[in-house]
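A.B. asks: Quick one: the structure is below, questions incoming.
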Amino acid sequence: MELTNYREQLDRIDSQILSLFSERMAISGEIAQWKQENSMPVLDVRREKEKLRTMEEKSPADLGEYSVSLFSLIMELSRSYQNRILHPTSPETEAIAKALKETPQLFPETAFVACQGVEGAYSGIACEKLFKRPNIIYFTSFDAVFSAIEKGLCRYGVIPVENSTAGTVNAVYDLMRKHDFRIVRSVRVKIDHNLLVRPGTKLEEIREIYSHAQAIAQCSAFLQSLPNVKVIPCENTAIAAKMVAESNDPGIAALSSRACCKLYGLENLKADVQDSGNNHTRFICISKDLEIYPGADRTSLMMVLPHEPGSLYKLLSRFNALGLNLTKLESRPMPERSFEFMFYFDLDTSVYSPRFIQLMGELGDISEEHEYLGSYSEVI
């Protein structure tokens with residue numbers, strides 16, 4: 001038999017599957033109406049488990065797992081369809097619609113913005129890429145930045161969330177669960193670390209190098225070439241530079257930015273000592289209020305999923321069914337729950353997309369807890 005004949009057979013079978021799938025979804029819609037009239041929830045866990053077990057038992061031995069995967073997805077799609085019929089709106093979709101209506105058409109040129117560190121920090125550089133004339137207030141910690149937003153001391157805050165070589169800033173993800181905030185924009189900043197010293201200091205004189213833990217990780221190869229130098233983490237790369245400038249000790253140095261070199265009157269002993277030339281850090285701009293500016297094409301979510309096999313798979317299946325592109329998936333342990341995790345998602349989708357709105361209306365169905373962090377665009 002020729003390949004063309006096999007494909008013709010598959011086309012015929014696929015047409016039958018599509019017809020039966022359409023018929024099944026129509027019945028699912030009728031069931032949704034019946035459940036609503038009889039005050040029953042959309043999800044019947046016992047029924048789904050029994051159904052999957054039956055499908056596995058009826059399948060050929062070598063297709064059991066494939067059958068379970070197929071019918072898990074079909075039932076996930078059915079519940080999605082039922083929820084769309086029964087709950088066309090949700091608190092999230094209503095909040096999004098309100099924000100789209102009330103947010104100004106232009107991102108503000110000036111505002112009071114909270115950043116961690118001191119003058120010269122990369123967060124300040126990120127802030128100046130986001131705002132034309134920012135009034136930056138520096139705080140000693142990321143926690144203090146979040147608190148400043150919640151208390152209304154600053155309208156916005158700018159904090160790092162991930163680096164292209166060193167990965168996620170874990171402390172920020174933990175603070176995301178603690179504080180109430182929304183992401184209104186993000187920006188990528190090119191990171192170039194430099195070995196800054198007091199003028200006249202020679203490389204062989206250096207005994208200690210200070211910098212932020214992320215910067216230290218990003219310069220590991222260079223630091224390994226200095227085996228007799230002690231590397232000491234501190235709160236911020238700019239704080240490290242300021243510390244060197246204010247010290248009378250010629251044996252200390254900092255890994256910091258070129259901006260700090262000029263700002264604190266230091267000498268750039270070694271330029272661009274990071275491991276990778278393609279070194280970027282992504283910063284998010286946060287606000288207490290939900291603001292969605294025109295062109296928002298990225299959404300961030302946090303979810304706690306049921307602690308059972310397949311819960312993450314079912315969620316990812318829902319993303320796939322709605323045609324939503326997942327650009328980031330991060331898990332963080334929940335200290336108050338043993339061996340359970342909170343998941344952080346970035347979705348590449350327009351805030352105006354009907355499929356995005358559908359997903360937002362279904363979050364309560366597919367998670368134990370969820371938080372909508374915002375929809376925004378990214379400055380490159």
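Starting from 1 in every chain, residues are counted up; chains themselves are A, B, ... following the order of the structure tokens, and ligands are numbered from 1 as listed.
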Could you pull the residues within 7 Å of segment 216-226 of chain A, counting only C-alpha atoms, minus those fewer than 5 positions along the same chain, as an mmCIF file with C-alpha atoms, in the first residue's frame?
C.D. replies:
data_model
loop_
_atom_site.group_PDB
_atom_site.id
_atom_site.type_symbol
_atom_site.label_atom_id
_atom_site.label_comp_id
_atom_site.auth_asym_id
_atom_site.auth_seq_id
_atom_site.Cartn_x
_atom_site.Cartn_y
_atom_site.Cartn_z
ATOM 1 C CA THR A 165 22.972 33.553 32.761
ATOM 2 C CA ALA A 166 22.432 33.323 36.542
ATOM 3 C CA SER A 211 29.218 42.425 44.921
ATOM 4 C CA VAL A 273 34.394 40.453 33.395
ATOM 5 C CA GLN A 274 31.036 38.637 33.198
ATOM 6 C CA ASP A 275 31.048 35.082 31.833
#
A.B. asks: Just the residues within 8 Å of Val42 of chain A, please, counting only C-alpha atoms, with nothing from its chain fewer than 3 positions along; format it as a list in words.
C.D. replies: Ala32, Lys35, Arg79, Gln82 and Asn83 of chain A
A.B. asks: Please, could you write that set of residues out with C-alpha atoms as a short mmCIF file (atom, residue, chain, number, x, y, z; two decimals), in the first residue's frame?
C.D. replies:
data_model
loop_
_atom_site.label_atom_id
_atom_site.label_comp_id
_atom_site.auth_asym_id
_atom_site.auth_seq_id
_atom_site.Cartn_x
_atom_site.Cartn_y
_atom_site.Cartn_z
CA ALA A 32 -23.42 22.16 31.99
CA LYS A 35 -25.68 21.04 36.45
CA ARG A 79 -14.80 21.44 31.47
CA GLN A 82 -18.75 24.16 30.26
CA ASN A 83 -17.15 26.94 32.30
#
A.B. asks: Go through A:Val113, A:Ile159, A:Ala254, A:Ala97 and flag the residue nearest Tyr352 of chain A, using only C-alpha atoms for the distances.
C.D. replies: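 Distance minimum relative to Tyr352 of chain A lands on A:Ala97.
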A.B. asks: Name the residues of segment 109-314 of chain A that come out as alpha helix (DSSP H) in a backbone DSSP run; write them as a ChimeraX atom specification.
C.D. replies: /A:122-130,142-150,170-178,213-218,220-224,237-246,258-263,311-314
A.B. asks: Set out as JSON lines a contact list for segment 212-305 of chain A and segment 122-132 of chain A with a cut-off of 9 Å, giving each residue of segment 212-305 of chain A that qualifies its closest atom pair and distance in Å to one decimal, counting only C-alpha atoms, ordered by chain and rising residue number.
C.D. replies:
{"residue": "A:Asn236", "atom": "CA", "partner": "A:Tyr122", "partner_atom": "CA", "distance": 8.9}
{"residue": "A:Thr237", "atom": "CA", "partner": "A:Tyr122", "partner_atom": "CA", "distance": 7.8}
{"residue": "A:Ala238", "atom": "CA", "partner": "A:Tyr122", "partner_atom": "CA", "distance": 7.8}
{"residue": "A:Ser256", "atom": "CA", "partner": "A:Tyr122", "partner_atom": "CA", "distance": 8.9}
{"residue": "A:Ser257", "atom": "CA", "partner": "A:Tyr122", "partner_atom": "CA", "distance": 7.5}
{"residue": "A:Ala259", "atom": "CA", "partner": "A:Ile125", "partner_atom": "CA", "distance": 8.9}
{"residue": "A:Thr281", "atom": "CA", "partner": "A:Tyr122", "partner_atom": "CA", "distance": 8.9}
{"residue": "A:Arg282", "atom": "CA", "partner": "A:Ala126", "partner_atom": "CA", "distance": 8.7}
{"residue": "A:Phe283", "atom": "CA", "partner": "A:Ala126", "partner_atom": "CA", "distance": 6.8}
{"residue": "A:Ile284", "atom": "CA", "partner": "A:Ala126", "partner_atom": "CA", "distance": 8.9}
{"residue": "A:Cys285", "atom": "CA", "partner": "A:Cys127", "partner_atom": "CA", "distance": 8.2}
A.B. asks: Which residue, A:Val172, A:Val184, A:Leu363, A:Ile191, has the smallest gap to Asp272 of chain A when you use only C-alpha atoms?
C.D. replies: A:Ile191
A.B. asks: Which residue, A:Thr103, A:Gln358, A:Thr140, A:Ser311, has the smallest gap to Ala296 of chain A when you use only C-alpha atoms?
C.D. replies: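 Smallest separation from Ala296 of chain A among the options: A:Thr103.
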A.B. asks: Of the candidates A:Leu312, A:Leu373, A:Ala114, A:Ala171, which one gets nearest to Gly152 of chain A if we count only C-alpha atoms?
C.D. replies: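 Smallest distance to Gly152 of chain A is found for A:Ala114.
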A.B. asks: What gap, in Å, lies between atom CA of Gly251 of chain A and atom CA of Ala213 of chain A?
C.D. replies: 20.0 Å
A.B. asks: Which of segment 120-330 of chain A counts as strand (DSSP E) under DSSP, as a PyMOL selection string please?
C.D. replies: chain A and resi 135-139+156-163+167-168+182-190+194-197+208-212+230-234+252-256+267-270+280-287+298-304+325-330
A.B. asks: Include C-alpha atoms and write out the residues we just selected as a compact mmCIF listing (two decimals), in the first residue's frame.
C.D. replies:
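Result written to again.txt:
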# COMPACT_ATOMS: atom_id res chain seq x y z
CA ASN A 135 12.08 60.37 40.95
CA ILE A 136 13.96 57.39 42.37
CA ILE A 137 13.90 56.55 46.07
CA TYR A 138 16.36 53.84 47.09
CA PHE A 139 15.64 51.26 49.78
CA TYR A 156 5.88 52.25 41.33
CA GLY A 157 8.79 49.98 42.14
CA VAL A 158 11.42 48.44 39.86
CA ILE A 159 12.95 45.09 40.85
CA PRO A 160 14.94 42.34 39.05
CA VAL A 161 13.31 38.96 38.48
CA GLU A 162 15.73 36.99 36.31
CA ASN A 163 19.10 37.05 34.60
CA GLY A 167 18.70 32.60 36.42
CA THR A 168 15.93 33.65 38.76
CA ARG A 182 0.60 44.21 40.00
CA ILE A 183 3.14 44.24 37.17
CA VAL A 184 2.58 47.15 34.77
CA ARG A 185 5.69 46.90 32.54
CA SER A 186 9.01 45.07 32.23
CA VAL A 187 12.40 45.94 30.76
CA ARG A 188 15.61 44.12 29.83
CA VAL A 189 18.92 45.74 30.75
CA LYS A 190 22.32 44.74 29.34
CA ASN A 194 33.53 45.67 35.86
CA LEU A 195 36.22 45.31 38.50
CA LEU A 196 36.21 48.71 40.21
CA VAL A 197 39.00 49.81 42.57
CA GLU A 208 38.57 41.03 48.75
CA ILE A 209 35.91 41.58 46.09
CA TYR A 210 32.37 42.66 47.01
CA SER A 211 29.22 42.42 44.92
CA HIS A 212 25.67 41.10 44.79
CA LYS A 230 38.02 36.38 48.97
CA VAL A 231 34.65 37.00 47.32
CA ILE A 232 32.03 38.53 49.65
CA PRO A 233 28.34 38.97 48.73
CA CYS A 234 26.56 42.20 49.65
CA ILE A 252 39.16 45.76 48.32
CA ALA A 253 37.34 45.94 44.99
CA ALA A 254 33.79 45.73 43.63
CA LEU A 255 32.04 44.10 40.72
CA SER A 256 29.78 46.86 39.51
CA GLU A 267 39.03 53.15 38.47
CA ASN A 268 37.86 50.44 36.09
CA LEU A 269 40.68 47.91 36.49
CA LYS A 270 39.03 45.17 34.39
CA HIS A 280 20.77 40.65 30.43
CA THR A 281 18.63 41.12 33.52
CA ARG A 282 14.87 41.45 33.31
CA PHE A 283 13.28 43.98 35.65
CA ILE A 284 9.58 44.38 36.39
CA CYS A 285 7.80 47.61 37.23
CA ILE A 286 5.20 47.02 39.94
CA SER A 287 2.24 49.04 41.19
CA ARG A 298 2.47 39.41 28.30
CA THR A 299 0.65 38.15 31.38
CA SER A 300 2.06 36.85 34.67
CA LEU A 301 0.20 34.49 36.98
CA MET A 302 0.86 32.63 40.21
CA MET A 303 -1.01 29.41 40.97
CA VAL A 304 -1.16 26.70 43.59
CA ASN A 325 2.25 30.37 24.44
CA LEU A 326 3.95 29.74 27.79
CA THR A 327 7.27 31.62 27.97
CA LYS A 328 8.19 30.97 31.60
CA LEU A 329 7.39 28.35 34.21
CA GLU A 330 8.98 28.61 37.65
A.B. asks: Using only C-alpha atoms, can you tell me which of A:Met334, A:Gln116, A:Ile206, A:Asn320 comes closest to Glu235 of chain A?
C.D. replies: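 Closest to Glu235 of chain A of all the choices is A:Gln116.
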A.B. asks: Got a sec: who's within 9 Å of Glu362 of chain A, counting only C-alpha atoms, leaving out chain neighbours fewer than 5 positions off, as JSON, numbers by chain?
C.D. replies: {"A": [80, 83, 84, 87, 90, 357, 367]}
A.B. asks: Any idea what the distance is between atom CA of Glu56 of chain A and atom CA of Met40 of chain A?
C.D. replies: 27.0 Å
A.B. asks: When distances are computed from only C-alpha atoms, which of A:Glu371, A:Glu23, A:Glu109, A:Glu30 shows the smallest separation from Tyr344 of chain A?
C.D. replies: A:Glu371
A.B. asks: By how many Å are atom CA of Pro309 of chain A and atom CA of Tyr372 of chain A apart?
C.D. replies: 24.3 Å
A.B. asks: Name the residues in contact with Leu175 of chain A at a cut-off of 9 Å, using only C-alpha atoms, excluding same-chain residues fewer than 3 positions from it; report them as a list in words.
C.D. replies: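 Here the answer would be Phe142, Asp143, Phe146, Asn170, Ala171, Val172, Lys178 and His179 of chain A.
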